[in-house]
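Participant: upload19.txt is reproduced below (compact mmCIF, C-alpha atoms).
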```txt
# COMPACT_ATOMS: atom_id res chain seq x y z
CA MET M 127 38.79 29.52 56.28
CA VAL M 128 35.79 27.30 55.52
CA GLU M 129 35.13 29.31 52.36
CA GLU M 130 38.72 28.87 51.21
CA SER M 131 38.43 25.13 51.84
CA ILE M 132 35.21 24.93 49.79
CA GLN M 133 36.76 26.93 46.95
CA THR M 134 39.86 24.72 47.03
CA ASP M 135 37.66 21.59 46.90
CA GLN M 136 35.70 23.03 43.98
CA THR M 137 38.88 23.97 42.16
CA LEU M 138 40.29 20.46 42.70
CA GLN M 139 37.07 18.90 41.43
CA GLN M 140 37.12 21.06 38.30
CA GLU M 141 40.75 20.16 37.67
CA LYS M 142 39.95 16.44 38.03
CA ILE M 143 37.05 16.79 35.60
CA GLN M 144 39.29 18.55 33.09
CA GLN M 145 41.94 15.84 33.47
CA LEU M 146 39.33 13.13 32.91
CA VAL M 147 38.07 14.91 29.81
CA LYS M 148 41.64 15.20 28.49
CA MET M 149 42.26 11.50 29.22
CA LYS M 150 39.12 10.49 27.34
CA ARG M 151 40.19 12.63 24.41
CA ARG M 152 43.58 10.96 24.43
CA ARG M 153 42.10 7.44 24.48
CA PHE M 154 40.06 7.90 21.35
CA PRO M 155 41.85 9.32 18.37
CA PRO M 156 39.82 11.71 16.25
CA ILE M 157 37.55 10.02 13.69
CA PRO M 158 38.71 10.65 10.14
CA LYS M 159 36.33 12.70 7.95
CA TRP M 160 35.72 9.83 5.53
CA LYS M 161 34.49 7.64 8.41
CA LYS M 162 32.13 10.36 9.61
CA ASP M 163 30.83 10.76 6.05
CA LEU M 164 30.37 7.00 5.74
CA MET M 165 28.49 6.82 9.05
CA ASP M 166 26.27 9.72 7.92
CA MET M 167 25.49 7.96 4.63
CA VAL M 168 24.66 4.69 6.38
CA GLU M 169 22.41 6.55 8.81
CA VAL M 170 20.56 8.28 5.95
CA MET M 171 20.17 5.01 4.02
CA VAL M 172 18.80 3.18 7.06
CA ALA M 173 16.33 6.02 7.71
CA ALA M 174 15.24 6.03 4.05
CA LEU M 175 14.78 2.26 4.08
CA LEU M 176 12.70 2.47 7.23
CA VAL M 177 10.49 5.16 5.68
CA LEU M 178 10.04 3.05 2.52
CA VAL M 179 9.06 0.00 4.54
CA LEU M 180 6.52 2.01 6.52
CA VAL M 181 5.07 3.68 3.40
CA PHE M 182 4.73 0.41 1.48
CA THR M 183 3.31 -1.37 4.51
CA PHE M 184 0.67 1.15 5.57
CA ILE M 185 -0.01 3.46 2.60
CA PHE M 186 0.93 1.78 -0.70
CA ARG M 187 1.23 -1.79 -1.85
CA ILE M 188 2.77 -3.34 -4.96
CA VAL M 189 0.63 -5.97 -6.66
CA GLY M 190 1.41 -8.11 -9.69
CA VAL M 191 -1.18 -8.90 -12.36
CA LYS M 192 -1.65 -12.65 -12.81
CA GLY M 193 -3.75 -13.84 -15.71
CA ASP M 194 -5.66 -12.22 -18.55
CA SER M 195 -8.96 -11.26 -16.92
CA MET M 196 -8.18 -7.52 -17.28
CA ARG M 197 -6.67 -7.68 -20.78
CA GLU M 198 -6.66 -5.09 -22.80
CA THR M 199 -6.31 -2.72 -19.85
CA LEU M 200 -3.77 -4.71 -17.81
CA HIS M 201 -1.59 -7.58 -18.93
CA ASN M 202 -0.13 -10.64 -17.22
CA ASN M 203 2.94 -9.74 -15.07
CA ASP M 204 2.18 -5.99 -15.04
CA ARG M 205 2.91 -4.34 -11.68
CA LEU M 206 0.55 -1.94 -9.91
CA ILE M 207 1.02 0.35 -6.95
CA ILE M 208 -2.25 0.51 -5.05
CA SER M 209 -3.42 2.54 -2.09
CA HIS M 210 -6.30 2.03 0.29
CA LEU M 211 -5.82 5.25 2.22
CA MET M 212 -9.19 7.07 2.46
CA TYR M 213 -10.55 5.10 -0.52
CA GLU M 214 -14.25 5.15 -1.38
CA PRO M 215 -15.20 2.62 -4.07
CA LYS M 216 -16.58 4.23 -7.25
CA GLN M 217 -18.07 2.78 -10.40
CA GLY M 218 -15.36 2.27 -13.03
CA ASP M 219 -12.44 1.99 -10.57
CA ILE M 220 -9.95 -0.82 -11.04
CA VAL M 221 -9.45 -2.44 -7.66
CA VAL M 222 -7.55 -5.29 -6.04
CA VAL M 223 -9.86 -7.63 -4.15
CA GLU M 224 -8.92 -10.29 -1.64
CA LEU M 225 -11.25 -13.29 -1.43
CA PRO M 226 -9.27 -15.95 0.47
CA GLU M 227 -12.16 -18.41 0.48
CA LEU M 228 -12.13 -18.45 -3.35
CA PHE M 229 -8.63 -17.46 -4.51
CA ASP M 230 -5.08 -17.99 -3.24
CA THR M 231 -3.98 -14.52 -4.37
CA PRO M 232 -5.77 -11.16 -4.67
CA ILE M 233 -7.64 -10.53 -7.92
CA ILE M 234 -7.84 -7.36 -10.00
CA LYS M 235 -11.26 -6.29 -11.32
CA ARG M 236 -13.26 -3.23 -12.36
CA ILE M 237 -16.14 -1.98 -10.20
CA ILE M 238 -19.31 -2.10 -12.30
CA ALA M 239 -21.76 -1.08 -9.56
CA THR M 240 -21.70 -0.02 -5.93
CA GLY M 241 -24.19 -0.48 -3.09
CA GLY M 242 -27.76 0.45 -3.95
CA GLN M 243 -27.28 0.19 -7.73
CA THR M 244 -28.98 -2.41 -9.93
CA VAL M 245 -26.95 -4.34 -12.51
CA ASN M 246 -28.43 -6.06 -15.53
CA ILE M 247 -26.85 -7.93 -18.42
CA GLU M 248 -29.10 -7.77 -21.46
CA GLU M 249 -29.46 -10.62 -23.96
CA ASP M 250 -27.22 -8.76 -26.42
CA GLY M 251 -24.43 -8.57 -23.77
CA THR M 252 -25.00 -4.92 -22.88
CA VAL M 253 -24.30 -4.18 -19.22
CA THR M 254 -26.68 -1.68 -17.63
CA VAL M 255 -26.54 -0.05 -14.22
CA ASP M 256 -29.77 1.52 -12.97
CA GLY M 257 -31.20 1.16 -16.47
CA LYS M 258 -28.34 3.02 -18.24
CA ALA M 259 -26.02 1.16 -20.60
CA LEU M 260 -22.35 1.43 -19.58
CA ASP M 261 -19.84 2.83 -22.04
CA GLU M 262 -17.38 -0.05 -21.88
CA SER M 263 -14.73 1.01 -24.36
CA TYR M 264 -12.20 -0.95 -22.28
CA THR M 265 -13.70 -4.31 -23.30
CA ASN M 266 -14.32 -5.82 -26.69
CA ALA M 267 -15.80 -9.09 -25.50
CA PHE M 268 -19.42 -10.19 -25.28
CA THR M 269 -20.71 -10.11 -21.70
CA GLU M 270 -22.68 -13.18 -20.71
CA PRO M 271 -24.62 -13.45 -17.43
CA LYS M 272 -23.01 -16.75 -16.29
CA GLU M 273 -24.25 -18.03 -12.89
CA LEU M 274 -26.31 -15.11 -11.53
CA GLN M 275 -29.90 -14.21 -12.30
CA PHE M 276 -30.19 -10.61 -13.50
CA PRO M 277 -31.13 -7.89 -12.71
CA ILE M 278 -29.46 -7.82 -9.31
CA THR M 279 -29.44 -4.98 -6.77
CA ILE M 280 -26.16 -4.61 -4.91
CA PRO M 281 -26.50 -4.28 -1.11
CA GLU M 282 -24.99 -1.24 0.62
CA GLY M 283 -21.36 -1.87 1.56
CA ASP M 284 -20.84 -4.24 -1.39
CA VAL M 285 -19.67 -3.84 -4.99
CA PHE M 286 -20.20 -5.77 -8.23
CA VAL M 287 -16.90 -6.40 -10.08
CA MET M 288 -16.01 -7.80 -13.49
CA GLY M 289 -12.83 -8.28 -15.46
CA ASP M 290 -12.38 -6.32 -18.68
CA ASN M 291 -11.73 -9.55 -20.62
CA ARG M 292 -15.26 -10.85 -20.05
CA THR M 293 -14.78 -14.21 -21.76
CA ASN M 294 -11.79 -15.05 -19.52
CA SER M 295 -12.78 -13.61 -16.14
CA THR M 296 -14.00 -15.15 -12.93
CA ASP M 297 -15.86 -12.29 -11.30
CA SER M 298 -19.12 -11.24 -9.60
CA ARG M 299 -21.09 -13.06 -12.31
CA ASP M 300 -19.66 -16.26 -10.81
CA PHE M 301 -19.32 -15.56 -7.08
CA GLY M 302 -21.69 -12.63 -6.48
CA TYR M 303 -21.04 -9.19 -5.09
CA VAL M 304 -17.98 -8.38 -2.96
CA ASN M 305 -17.91 -6.66 0.41
CA GLU M 306 -16.03 -3.34 0.36
CA LYS M 307 -13.87 -4.60 3.26
CA ASN M 308 -12.32 -7.10 0.83
CA ILE M 309 -10.97 -4.31 -1.38
CA LEU M 310 -7.23 -3.92 -0.75
CA GLY M 311 -6.97 -0.72 -2.75
CA LYS M 312 -7.34 1.13 -6.00
```
What would the structure in this file look like if it were written as structure tokens?
Facilitator:
Amino acid sequence: MVEESIQTDQTLQQEKIQQLVKMKRRRFPPIPKWKKDLMDMVEVMVAALLVLVLVFTFIFRIVGVKGDSMRETLHNNDRLIISHLMYEPKQGDIVVVELPELFDTPIIKRIIATGGQTVNIEEDGTVTVDGKALDESYTNAFTEPKELQFPITIPEGDVFVMGDNRTNSTDSRDFGYVNEKNILGK
């Protein structure tokens, strides 16, 4: 008798659950296919936008070229995509440097020498690093020493940068070497 009562209670509970499920189904009409497709597209677009924001925040960055200090290599209003992920500065790299105490916006320069190297600018404008003249096919301008006394040895953790348009570039010849931590990316 007790078992029959338990089974009856269980059967009644299952019937109530089924009725509730049917009622819920009746309340909400089925969603048309075009609405499901639209919701899927919106979901995909939001996910893609989120991924783009994360990628361009933490991995890549878009930087605009302002000025002519890198002309003939880069021109005013060019756009660059830079990355700082696992970047080790190397001689010859074009980098974006942030020096807030000197400039309102990041600057774009070429690394001439890295930590431990010695830079010299000869009287004829030839740039040498560790006694070897650089092949600077990217510049056609005379390189003058400006403010610094040469030769100069770059401390470890710093770099010496110059613009390719040497006559129109504010660079390490004016403000000295740059700490690698100030490099936003290559």
Participant: Wanna dump the segment 214-268 of chain M-segment 179-203 of chain M contacts at 9 Å for me, each residue with its shortest atom pair and the distance in Å to one decimal, counting all atoms listed in the file, ordered by chain and number, as a tab-separated table?
Facilitator:
```
residue	atom	partner	partner_atom	distance
M:Val222	CA	M:Val189	CA	8.2
M:Thr231	CA	M:Lys192	CA	9.0
M:Pro232	CA	M:Val189	CA	8.5
M:Ile233	CA	M:Val191	CA	8.0
M:Ile234	CA	M:Val191	CA	7.2
M:Lys235	CA	M:Met196	CA	6.8
M:Arg236	CA	M:Met196	CA	8.3
M:Tyr264	CA	M:Thr199	CA	6.6
M:Thr265	CA	M:Glu198	CA	7.1
M:Asn266	CA	M:Glu198	CA	8.6
```
Participant: Would you export the selected residues with C-alpha atoms as a compact mmCIF listing (two decimals), keeping the file's coordinate frame, please?
Facilitator:
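Once everything was written out, this is again.txt:
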```
# COMPACT_ATOMS: atom_id res chain seq x y z
CA VAL M 222 -7.55 -5.29 -6.04
CA THR M 231 -3.98 -14.52 -4.37
CA PRO M 232 -5.77 -11.16 -4.67
CA ILE M 233 -7.64 -10.53 -7.92
CA ILE M 234 -7.84 -7.36 -10.00
CA LYS M 235 -11.26 -6.29 -11.32
CA ARG M 236 -13.26 -3.23 -12.36
CA TYR M 264 -12.20 -0.95 -22.28
CA THR M 265 -13.70 -4.31 -23.30
CA ASN M 266 -14.32 -5.82 -26.69
```
Participant: Using only C-alpha atoms, can you list as an MDAnalysis selection string the residues within 12 Å of (-24.6, 0.5, -2.7)?
Facilitator: chainID M and resid 214:217 237:245 255:256 278:286 303:306
Participant: Quick one: distance from atom CA of Ala174 of chain M to atom CA of Ile207 of chain M in Å, one decimal?
Facilitator: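 Result for atom CA of Ala174 of chain M versus atom CA of Ile207 of chain M: 18.9 Å, one decimal.
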Participant: Smallest atom-to-atom distance to Leu310 of chain M: which of M:Ser209, M:Thr269, M:Leu274, M:Arg292, using all atoms listed in the file?
Facilitator: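 Ranked by minimum distance to Leu310 of chain M, first place goes to M:Ser209.
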Participant: From the options M:Asp166, M:Val287, M:Pro277, M:Leu225, which residue's atoms come nearest to Thr254 of chain M, counting only C-alpha atoms?
Facilitator: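 Nearest candidate to Thr254 of chain M out of M:Asp166, M:Val287, M:Pro277, M:Leu225: M:Pro277.
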Participant: Rounded to one decimal place, report the atom CA of Ile220 of chain M-atom CA of Leu176 of chain M distance in Å.
Facilitator: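 Atom CA of Leu176 of chain M lies at a distance of 29.3 Å from atom CA of Ile220 of chain M.
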Participant: For a quick check of understanding, using all atoms listed in the file, which of M:Glu273, M:Thr293, M:Glu141, M:Lys162 has the smallest distance to Gly251 of chain M?
Facilitator: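 So, comparing all the options, the nearest one is M:Thr293.
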Participant: Using only C-alpha atoms, find all polymer residues with an atom at most 9 Å away from the point (-13.2, -13.2, 3.8); report them as a ChimeraX atom specification.
Facilitator: /M:224-228,305,307-308
Participant: Atom CA of Asn294 of chain M to atom CA of Phe268 of chain M: how many Å, to one decimal?
Facilitator: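 These two atoms are separated by 10.7 Å.
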Participant: Restricting the calculation to only C-alpha atoms: of M:Ala267, M:Val177, M:Leu211, M:Leu164, which residue gets closest to Thr252 of chain M?
Facilitator: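 Looking only at the distances to Thr252 of chain M, the closest residue turns out to be M:Ala267.
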Participant: Calculated over only C-alpha atoms, which of the candidates M:Arg299, M:Pro158, M:Asp290, M:Gly218 has the smallest distance to Ile247 of chain M?
Facilitator: M:Arg299
Participant: Which is closest to Val223 of chain M among M:Ile309, M:Leu146, M:Ala173, M:Val253, if we use all atoms listed in the file?
Facilitator: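 Ranking M:Ile309, M:Leu146, M:Ala173, M:Val253 by distance to Val223 of chain M, first place goes to M:Ile309.
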